[in-house]
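**Q** Contents of work-v5.cif (mmCIF, C-alpha atoms) are given next:
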```cif
data_coords
loop_
_atom_site.group_PDB
_atom_site.id
_atom_site.type_symbol
_atom_site.label_atom_id
_atom_site.label_comp_id
_atom_site.auth_asym_id
_atom_site.auth_seq_id
_atom_site.Cartn_x
_atom_site.Cartn_y
_atom_site.Cartn_z
ATOM 1 C CA MET R 1269 7.001 1.771 -26.095
ATOM 2 C CA VAL R 1270 9.292 3.314 -23.522
ATOM 3 C CA GLN R 1271 13.051 3.128 -23.430
ATOM 4 C CA LEU R 1272 16.187 4.464 -21.817
ATOM 5 C CA THR R 1273 19.110 4.608 -24.207
ATOM 6 C CA ARG R 1274 22.736 5.687 -24.405
ATOM 7 C CA ASP R 1275 22.485 6.047 -28.183
ATOM 8 C CA ALA R 1276 21.499 9.163 -30.145
ATOM 9 C CA ILE R 1277 17.700 9.484 -30.354
ATOM 10 C CA ASP R 1278 16.194 9.295 -33.838
ATOM 11 C CA GLY R 1279 12.921 11.253 -33.854
ATOM 12 C CA GLU R 1280 11.925 10.094 -37.309
ATOM 13 C CA ARG R 1281 12.230 6.467 -36.252
ATOM 14 C CA LEU R 1282 9.825 7.130 -33.369
ATOM 15 C CA VAL R 1283 7.383 8.840 -35.740
ATOM 16 C CA GLN R 1284 7.396 5.742 -37.960
ATOM 17 C CA GLU R 1285 6.967 3.544 -34.916
ATOM 18 C CA VAL R 1286 3.752 5.249 -33.748
ATOM 19 C CA ARG R 1287 2.241 5.672 -37.239
ATOM 20 C CA ARG R 1288 -1.166 3.980 -37.511
ATOM 21 C CA GLY R 1289 -3.691 3.803 -40.333
ATOM 22 C CA HIS R 1290 -6.560 5.052 -38.182
ATOM 23 C CA CYS R 1291 -4.539 7.988 -36.793
ATOM 24 C CA GLY R 1292 -4.580 11.260 -38.680
ATOM 25 C CA ALA R 1293 -2.202 13.007 -36.302
ATOM 26 C CA ILE R 1294 1.318 12.310 -35.085
ATOM 27 C CA VAL R 1295 2.972 14.684 -32.634
ATOM 28 C CA LEU R 1296 6.688 14.426 -31.918
ATOM 29 C CA PHE R 1297 8.297 16.323 -29.044
ATOM 30 C CA LEU R 1298 12.087 16.570 -28.812
ATOM 31 C CA GLY R 1299 13.869 17.899 -25.731
ATOM 32 C CA THR R 1300 17.294 19.240 -26.652
ATOM 33 C CA VAL R 1301 20.282 20.457 -24.663
ATOM 34 C CA ARG R 1302 20.242 24.241 -24.325
ATOM 35 C CA ASP R 1303 23.389 26.359 -24.339
ATOM 36 C CA ILE R 1304 22.391 29.063 -21.833
ATOM 37 C CA THR R 1305 20.570 28.815 -18.503
ATOM 38 C CA GLY R 1306 20.108 32.157 -16.795
ATOM 39 C CA ASP R 1307 23.534 33.731 -17.168
ATOM 40 C CA GLN R 1308 25.497 30.489 -17.211
ATOM 41 C CA VAL R 1309 26.804 28.719 -20.311
ATOM 42 C CA THR R 1310 26.439 24.959 -20.598
ATOM 43 C CA VAL R 1311 29.154 22.892 -22.244
ATOM 44 C CA ALA R 1312 27.520 19.500 -21.739
ATOM 45 C CA LEU R 1313 24.935 17.664 -19.632
ATOM 46 C CA ASP R 1314 25.365 14.314 -17.914
ATOM 47 C CA TYR R 1315 22.138 12.382 -17.448
ATOM 48 C CA GLU R 1316 21.801 9.490 -15.013
ATOM 49 C CA ALA R 1317 18.824 7.404 -13.979
ATOM 50 C CA TYR R 1318 17.677 4.948 -11.361
ATOM 51 C CA ALA R 1319 17.249 2.680 -14.326
ATOM 52 C CA GLY R 1320 14.832 -0.046 -13.216
ATOM 53 C CA MET R 1321 12.451 2.424 -11.625
ATOM 54 C CA ALA R 1322 12.738 4.923 -14.479
ATOM 55 C CA GLU R 1323 11.635 2.331 -17.015
ATOM 56 C CA LYS R 1324 8.746 1.374 -14.765
ATOM 57 C CA VAL R 1325 7.707 5.012 -14.311
ATOM 58 C CA LEU R 1326 7.839 5.652 -18.063
ATOM 59 C CA GLY R 1327 5.724 2.538 -18.571
ATOM 60 C CA ASP R 1328 3.204 3.783 -15.999
ATOM 61 C CA ILE R 1329 3.055 7.133 -17.816
ATOM 62 C CA GLU R 1330 2.257 5.322 -21.060
ATOM 63 C CA VAL R 1331 -0.590 3.433 -19.351
ATOM 64 C CA ASP R 1332 -1.884 6.689 -17.881
ATOM 65 C CA VAL R 1333 -1.833 8.490 -21.248
ATOM 66 C CA ARG R 1334 -3.620 5.620 -22.971
ATOM 67 C CA ALA R 1335 -6.326 5.716 -20.301
ATOM 68 C CA ARG R 1336 -6.916 9.444 -20.855
ATOM 69 C CA TRP R 1337 -6.845 9.707 -24.655
ATOM 70 C CA ALA R 1338 -7.608 7.502 -27.655
ATOM 71 C CA VAL R 1339 -3.943 6.915 -28.478
ATOM 72 C CA GLY R 1340 -2.929 4.883 -31.513
ATOM 73 C CA ASP R 1341 0.592 4.451 -30.209
ATOM 74 C CA LEU R 1342 3.046 6.209 -27.928
ATOM 75 C CA ALA R 1343 6.821 6.185 -27.705
ATOM 76 C CA ILE R 1344 8.936 7.745 -24.964
ATOM 77 C CA GLU R 1345 12.698 7.588 -25.168
ATOM 78 C CA HIS R 1346 15.135 9.200 -22.718
ATOM 79 C CA ARG R 1347 18.850 9.317 -23.295
ATOM 80 C CA LEU R 1348 21.460 8.829 -20.588
ATOM 81 C CA GLY R 1349 25.143 9.686 -20.457
ATOM 82 C CA ARG R 1350 26.958 12.769 -21.710
ATOM 83 C CA LEU R 1351 25.093 15.026 -24.135
ATOM 84 C CA GLU R 1352 26.489 18.024 -26.027
ATOM 85 C CA ILE R 1353 24.607 21.228 -26.910
ATOM 86 C CA GLY R 1354 21.772 20.577 -29.332
ATOM 87 C CA GLU R 1355 21.606 16.839 -28.773
ATOM 88 C CA ILE R 1356 18.242 15.235 -28.067
ATOM 89 C CA SER R 1357 17.803 14.231 -24.432
ATOM 90 C CA VAL R 1358 14.223 13.017 -24.613
ATOM 91 C CA ALA R 1359 11.572 12.292 -27.215
ATOM 92 C CA VAL R 1360 7.843 11.658 -26.996
ATOM 93 C CA ALA R 1361 5.896 10.587 -30.088
ATOM 94 C CA VAL R 1362 2.111 10.097 -30.032
ATOM 95 C CA SER R 1363 -0.401 9.163 -32.697
ATOM 96 C CA CYS R 1364 -4.132 9.805 -32.315
ATOM 97 C CA PRO R 1365 -7.062 9.911 -34.702
ATOM 98 C CA HIS R 1366 -7.190 13.718 -34.400
ATOM 99 C CA ARG R 1367 -4.678 16.429 -33.630
ATOM 100 C CA ALA R 1368 -6.231 17.947 -30.484
ATOM 101 C CA ASP R 1369 -5.723 14.700 -28.588
ATOM 102 C CA ALA R 1370 -2.285 14.117 -30.083
ATOM 103 C CA PHE R 1371 -1.040 17.535 -28.900
ATOM 104 C CA GLU R 1372 -2.578 17.141 -25.434
ATOM 105 C CA ALA R 1373 -1.383 13.572 -24.924
ATOM 106 C CA CYS R 1374 2.154 14.430 -25.987
ATOM 107 C CA ARG R 1375 2.341 17.454 -23.708
ATOM 108 C CA TYR R 1376 0.893 15.542 -20.765
ATOM 109 C CA ALA R 1377 3.320 12.657 -21.259
ATOM 110 C CA MET R 1378 6.290 15.017 -21.368
ATOM 111 C CA ASP R 1379 5.092 16.924 -18.291
ATOM 112 C CA ARG R 1380 4.774 13.640 -16.383
ATOM 113 C CA VAL R 1381 8.243 12.512 -17.473
ATOM 114 C CA LYS R 1382 9.696 15.696 -16.036
ATOM 115 C CA GLU R 1383 7.672 15.373 -12.860
ATOM 116 C CA LEU R 1384 8.095 11.680 -12.061
ATOM 117 C CA ALA R 1385 10.972 9.933 -13.806
ATOM 118 C CA PRO R 1386 13.920 9.218 -11.484
ATOM 119 C CA ILE R 1387 16.380 10.812 -13.893
ATOM 120 C CA TRP R 1388 18.833 13.619 -13.087
ATOM 121 C CA LYS R 1389 21.001 15.923 -15.137
ATOM 122 C CA LYS R 1390 24.322 17.459 -14.179
ATOM 123 C CA GLU R 1391 25.354 20.747 -15.734
ATOM 124 C CA ASN R 1392 28.935 21.086 -16.987
ATOM 125 C CA TRP R 1393 29.329 24.869 -17.010
ATOM 126 C CA ALA R 1394 31.730 26.786 -19.244
ATOM 127 C CA ASP R 1395 33.661 27.959 -16.176
ATOM 128 C CA GLY R 1396 34.635 24.356 -15.468
ATOM 129 C CA THR R 1397 32.299 23.744 -12.550
ATOM 130 C CA THR R 1398 29.621 21.056 -12.463
ATOM 131 C CA GLU R 1399 26.294 21.029 -10.696
ATOM 132 C CA TRP R 1400 23.497 18.469 -10.278
ATOM 133 C CA VAL R 1401 20.152 20.054 -11.138
ATOM 134 C CA HIS R 1402 17.631 19.571 -8.323
ATOM 135 C CA PRO R 1403 14.625 21.882 -8.710
ATOM 136 C CA GLY R 1404 13.707 23.584 -5.453
ATOM 137 C CA VAL R 1405 17.165 23.082 -3.946
ATOM 138 C CA SER R 1406 19.600 26.008 -3.878
ATOM 139 C CA MET V 4 19.638 -1.797 5.265
ATOM 140 C CA LYS V 5 21.310 -0.726 2.034
ATOM 141 C CA ILE V 6 19.943 2.538 0.666
ATOM 142 C CA LEU V 7 20.748 3.693 -2.871
ATOM 143 C CA CYS V 8 21.708 7.347 -3.311
ATOM 144 C CA PHE V 9 21.654 9.363 -6.526
ATOM 145 C CA ALA V 10 23.028 12.578 -7.986
ATOM 146 C CA ARG V 11 23.923 15.212 -5.383
ATOM 147 C CA LEU V 12 22.908 12.855 -2.601
ATOM 148 C CA ARG V 13 25.519 10.366 -3.788
ATOM 149 C CA ASP V 14 28.122 13.132 -3.868
ATOM 150 C CA LEU V 15 27.247 14.090 -0.280
ATOM 151 C CA ALA V 16 27.213 10.475 0.901
ATOM 152 C CA GLY V 17 30.500 9.730 -0.858
ATOM 153 C CA SER V 18 28.982 6.497 -2.086
ATOM 154 C CA ALA V 19 26.179 5.166 -4.312
ATOM 155 C CA GLU V 20 24.974 3.092 -1.387
ATOM 156 C CA ILE V 21 24.800 3.778 2.343
ATOM 157 C CA ASP V 22 24.171 1.332 5.151
ATOM 158 C CA VAL V 23 21.519 2.404 7.648
ATOM 159 C CA GLU V 24 20.751 0.594 10.899
ATOM 160 C CA LEU V 25 17.017 0.107 11.258
ATOM 161 C CA PRO V 26 14.854 -1.753 13.792
ATOM 162 C CA ALA V 27 13.173 -4.951 12.604
ATOM 163 C CA THR V 28 9.957 -3.099 11.845
ATOM 164 C CA ALA V 29 10.511 0.326 10.387
ATOM 165 C CA THR V 30 8.589 2.689 8.161
ATOM 166 C CA VAL V 31 9.847 5.092 5.539
ATOM 167 C CA GLY V 32 9.345 7.824 8.131
ATOM 168 C CA ASP V 33 11.639 5.924 10.516
ATOM 169 C CA LEU V 34 14.165 5.580 7.701
ATOM 170 C CA ARG V 35 14.260 9.333 7.127
ATOM 171 C CA ARG V 36 14.884 9.978 10.813
ATOM 172 C CA GLU V 37 17.625 7.336 10.941
ATOM 173 C CA VAL V 38 19.351 8.617 7.803
ATOM 174 C CA GLU V 39 19.354 12.117 9.269
ATOM 175 C CA ARG V 40 20.875 10.748 12.470
ATOM 176 C CA GLN V 41 23.380 8.317 10.956
ATOM 177 C CA ALA V 42 24.350 10.288 7.839
ATOM 178 C CA PRO V 43 24.143 13.952 8.832
ATOM 179 C CA ALA V 44 25.911 15.093 5.651
ATOM 180 C CA LEU V 45 22.695 14.280 3.805
ATOM 181 C CA GLY V 46 20.623 16.312 6.240
ATOM 182 C CA PRO V 47 19.919 19.539 4.320
ATOM 183 C CA LEU V 48 18.913 17.730 1.116
ATOM 184 C CA LEU V 49 16.966 14.930 2.762
ATOM 185 C CA PRO V 50 13.608 16.687 3.324
ATOM 186 C CA LYS V 51 13.437 17.429 -0.408
ATOM 187 C CA CYS V 52 14.129 13.810 -1.343
ATOM 188 C CA ALA V 53 11.553 11.196 -2.225
ATOM 189 C CA VAL V 54 11.874 7.614 -1.069
ATOM 190 C CA ALA V 55 11.344 4.697 -3.425
ATOM 191 C CA VAL V 56 10.680 1.183 -2.179
ATOM 192 C CA ASN V 57 10.863 -1.567 -4.792
ATOM 193 C CA ASP V 58 10.715 0.956 -7.633
ATOM 194 C CA GLU V 59 7.656 2.816 -6.351
ATOM 195 C CA TYR V 60 7.380 6.160 -4.638
ATOM 196 C CA ALA V 61 6.625 5.476 -0.974
ATOM 197 C CA ASP V 62 5.090 7.744 1.650
ATOM 198 C CA GLU V 63 6.028 7.948 5.335
ATOM 199 C CA THR V 64 3.744 5.127 6.382
ATOM 200 C CA VAL V 65 5.102 2.422 4.070
ATOM 201 C CA GLU V 66 6.667 -0.418 6.034
ATOM 202 C CA LEU V 67 10.125 -1.658 5.109
ATOM 203 C CA ARG V 68 10.799 -5.384 4.913
ATOM 204 C CA PRO V 69 14.085 -7.291 4.615
ATOM 205 C CA GLY V 70 15.030 -7.570 0.970
ATOM 206 C CA ASP V 71 13.235 -4.366 -0.034
ATOM 207 C CA ARG V 72 15.078 -2.247 -2.571
ATOM 208 C CA VAL V 73 15.152 1.273 -1.131
ATOM 209 C CA ALA V 74 16.417 4.439 -2.775
ATOM 210 C CA LEU V 75 16.661 8.109 -1.818
ATOM 211 C CA LEU V 76 15.761 10.278 -4.782
ATOM 212 C CA PRO V 77 16.646 13.988 -4.770
ATOM 213 C CA PRO V 78 14.371 16.273 -6.821
ATOM 214 C CA VAL V 79 14.371 14.908 -10.355
ATOM 215 C CA SER V 80 15.575 16.786 -13.432
ATOM 216 C CA GLY V 81 14.964 14.488 -16.364
ATOM 217 C CA GLY V 82 13.637 15.618 -19.688
#
```
Represent the structure contained in this file as structure tokens.

**A**
Amino acid sequence: MVQLTRDAIDGERLVQEVRRGHCGAIVLFLGTVRDITGDQVTVALDYEAYAGMAEKVLGDIEVDVRARWAVGDLAIEHRLGRLEIGEISVAVAVSCPHRADAFEACRYAMDRVKELAPIWKKENWADGTTEWVHPGVS
Amino acid sequence: MKILCFARLRDLAGSAEIDVELPATATVGDLRREVERQAPALGPLLPKCAVAVNDEYADETVELRPGDRVALLPPVSGG
């Protein structure tokens, strides 16, 4: 299951969603809003997405993960809108029969989300300025 | 052709959508050249942007057809 949402992400709900009788391992990753980046202080992040494509890309990532590992179930949820420090921006929950696969599948899924999903965050710095984050662009 | 712009690209374009004149048969590569020519404000960021056609990443050779949904995507920062 993949989803974009404007609501607060509930990690425990995702854990319950991916729970399966034949899976002895559930790994939950939560991405949260950090307060410091380099020497700049973040007040809030604004996340936006190219929504239709983002959902498709997340769905493709799920298919990819399932092809690589024996996944019981997988949930990816990304939040959009304004997020304060400490809030959860993204969650990936994976269940697998054994923990090695669960850890690997979860990490891979999260890495692919960061690499591929057409989603962008804008920093709201403590000094009042804002800045879209585009890796590789000064 | 209407081209969707996101994040800093939208800020530079001054709009979520720009209109780009393209010949009847054009590729993504042609689109990049035309955007650079017709919307020079986007120039510096453009080489780092990906192009999506109908919700899929598209390379230079992909042909554009009327009705295609095209977007310019600056480097992503989700997660």

**Q** Can you tell me how far atom CA of R:Met1269 sits from atom CA of R:Asp1369, in Å to one decimal?

**A**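 Interatomic distance here is 18.3 Å.
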
**Q** Any chance you could resolve the PyMOL selection byres ((chain V and resi 31-48) around 12) against this file and give the residues as a VMD selection string?

**A** (chain R and resid 1402 to 1406) or (chain V and resid 4 to 18 20 to 30 49 to 56 60 to 68 71 73 to 78)

**Q** For the PyMOL selection byres ((chain R) within 10 of (chain V)), applied here, can you spell out every residue it catches as a PyMOL selection string?

**A** chain R and resi 1298-1301+1315-1325+1345-1348+1356-1359+1378-1390+1399-1406

**Q** Could you save those same residues with C-alpha atoms as a PDB file, in the coordinates of the input?

**A**
```pdb
ATOM      1  CA  LEU R1298      12.087  16.570 -28.812  1.00  0.00           C
ATOM      2  CA  GLY R1299      13.869  17.899 -25.731  1.00  0.00           C
ATOM      3  CA  THR R1300      17.294  19.240 -26.652  1.00  0.00           C
ATOM      4  CA  VAL R1301      20.282  20.457 -24.663  1.00  0.00           C
ATOM      5  CA  TYR R1315      22.138  12.382 -17.448  1.00  0.00           C
ATOM      6  CA  GLU R1316      21.801   9.490 -15.013  1.00  0.00           C
ATOM      7  CA  ALA R1317      18.824   7.404 -13.979  1.00  0.00           C
ATOM      8  CA  TYR R1318      17.677   4.948 -11.361  1.00  0.00           C
ATOM      9  CA  ALA R1319      17.249   2.680 -14.326  1.00  0.00           C
ATOM     10  CA  GLY R1320      14.832  -0.046 -13.216  1.00  0.00           C
ATOM     11  CA  MET R1321      12.451   2.424 -11.625  1.00  0.00           C
ATOM     12  CA  ALA R1322      12.738   4.923 -14.479  1.00  0.00           C
ATOM     13  CA  GLU R1323      11.635   2.331 -17.015  1.00  0.00           C
ATOM     14  CA  LYS R1324       8.746   1.374 -14.765  1.00  0.00           C
ATOM     15  CA  VAL R1325       7.707   5.012 -14.311  1.00  0.00           C
ATOM     16  CA  GLU R1345      12.698   7.588 -25.168  1.00  0.00           C
ATOM     17  CA  HIS R1346      15.135   9.200 -22.718  1.00  0.00           C
ATOM     18  CA  ARG R1347      18.850   9.317 -23.295  1.00  0.00           C
ATOM     19  CA  LEU R1348      21.460   8.829 -20.588  1.00  0.00           C
ATOM     20  CA  ILE R1356      18.242  15.235 -28.067  1.00  0.00           C
ATOM     21  CA  SER R1357      17.803  14.231 -24.432  1.00  0.00           C
ATOM     22  CA  VAL R1358      14.223  13.017 -24.613  1.00  0.00           C
ATOM     23  CA  ALA R1359      11.572  12.292 -27.215  1.00  0.00           C
ATOM     24  CA  MET R1378       6.290  15.017 -21.368  1.00  0.00           C
ATOM     25  CA  ASP R1379       5.092  16.924 -18.291  1.00  0.00           C
ATOM     26  CA  ARG R1380       4.774  13.640 -16.383  1.00  0.00           C
ATOM     27  CA  VAL R1381       8.243  12.512 -17.473  1.00  0.00           C
ATOM     28  CA  LYS R1382       9.696  15.696 -16.036  1.00  0.00           C
ATOM     29  CA  GLU R1383       7.672  15.373 -12.860  1.00  0.00           C
ATOM     30  CA  LEU R1384       8.095  11.680 -12.061  1.00  0.00           C
ATOM     31  CA  ALA R1385      10.972   9.933 -13.806  1.00  0.00           C
ATOM     32  CA  PRO R1386      13.920   9.218 -11.484  1.00  0.00           C
ATOM     33  CA  ILE R1387      16.380  10.812 -13.893  1.00  0.00           C
ATOM     34  CA  TRP R1388      18.833  13.619 -13.087  1.00  0.00           C
ATOM     35  CA  LYS R1389      21.001  15.923 -15.137  1.00  0.00           C
ATOM     36  CA  LYS R1390      24.322  17.459 -14.179  1.00  0.00           C
ATOM     37  CA  GLU R1399      26.294  21.029 -10.696  1.00  0.00           C
ATOM     38  CA  TRP R1400      23.497  18.469 -10.278  1.00  0.00           C
ATOM     39  CA  VAL R1401      20.152  20.054 -11.138  1.00  0.00           C
ATOM     40  CA  HIS R1402      17.631  19.571  -8.323  1.00  0.00           C
ATOM     41  CA  PRO R1403      14.625  21.882  -8.710  1.00  0.00           C
ATOM     42  CA  GLY R1404      13.707  23.584  -5.453  1.00  0.00           C
ATOM     43  CA  VAL R1405      17.165  23.082  -3.946  1.00  0.00           C
ATOM     44  CA  SER R1406      19.600  26.008  -3.878  1.00  0.00           C
TER      45      SER R1406
END
```

**Q** Would you work out the distance separating atom CA of R:Val1339 from atom CA of R:Val1362, expressed in Å to one decimal?

**A**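 A separation of 7.0 Å between them.
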
**Q** Going by the chain IDs and residue numbers used in this file, which residues fall under the PyMOL selection byres ((chain R and resi 1294) around 6)? Write them as a PyMOL selection string.

**A** chain R and resi 1293+1295+1362-1363

**Q** I need the residues from that last selection saved to file as a tab-separated table (two decimals), in the frame of the given file (with C-alpha atoms), if you can.

**A**
```tsv
chain	number	residue	atom	x	y	z
R	1293	ALA	CA	-2.20	13.01	-36.30
R	1295	VAL	CA	2.97	14.68	-32.63
R	1362	VAL	CA	2.11	10.10	-30.03
R	1363	SER	CA	-0.40	9.16	-32.70
```

**Q** Could you tell me how far atom CA of R:Leu1326 sits from atom CA of R:Leu1272, in Å to one decimal place?

**A**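 Atom CA of R:Leu1326 lies at a distance of 9.2 Å from atom CA of R:Leu1272.
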
**Q** Which protein, DNA or RNA residues are at most 6 Å from (5.9, 15.2, -29.6) in the file's coordinates when you count only C-alpha atoms, listed as a ChimeraX atom specification?

**A** /R:1295-1297,1360-1361,1374

**Q** Take the point (-6.3, 11.3, -23.0) in the file's coordinates, draw a sphere of radius 12 Å around it, and report as a short mmCIF file (atom, residue, chain, number, x, y, z; two decimals) with C-alpha atoms, in the coordinates of the input every protein, DNA or RNA residue with an atom inside or on it, counting all atoms listed in the file.

**A**
```
data_model
loop_
_atom_site.label_atom_id
_atom_site.label_comp_id
_atom_site.auth_asym_id
_atom_site.auth_seq_id
_atom_site.Cartn_x
_atom_site.Cartn_y
_atom_site.Cartn_z
CA ILE R 1329 3.06 7.13 -17.82
CA GLU R 1330 2.26 5.32 -21.06
CA VAL R 1331 -0.59 3.43 -19.35
CA ASP R 1332 -1.88 6.69 -17.88
CA VAL R 1333 -1.83 8.49 -21.25
CA ARG R 1334 -3.62 5.62 -22.97
CA ALA R 1335 -6.33 5.72 -20.30
CA ARG R 1336 -6.92 9.44 -20.86
CA TRP R 1337 -6.84 9.71 -24.66
CA ALA R 1338 -7.61 7.50 -27.66
CA VAL R 1339 -3.94 6.92 -28.48
CA GLY R 1340 -2.93 4.88 -31.51
CA LEU R 1342 3.05 6.21 -27.93
CA VAL R 1362 2.11 10.10 -30.03
CA SER R 1363 -0.40 9.16 -32.70
CA CYS R 1364 -4.13 9.80 -32.32
CA PRO R 1365 -7.06 9.91 -34.70
CA HIS R 1366 -7.19 13.72 -34.40
CA ARG R 1367 -4.68 16.43 -33.63
CA ALA R 1368 -6.23 17.95 -30.48
CA ASP R 1369 -5.72 14.70 -28.59
CA ALA R 1370 -2.28 14.12 -30.08
CA PHE R 1371 -1.04 17.54 -28.90
CA GLU R 1372 -2.58 17.14 -25.43
CA ALA R 1373 -1.38 13.57 -24.92
CA CYS R 1374 2.15 14.43 -25.99
CA ARG R 1375 2.34 17.45 -23.71
CA TYR R 1376 0.89 15.54 -20.76
CA ALA R 1377 3.32 12.66 -21.26
#
```
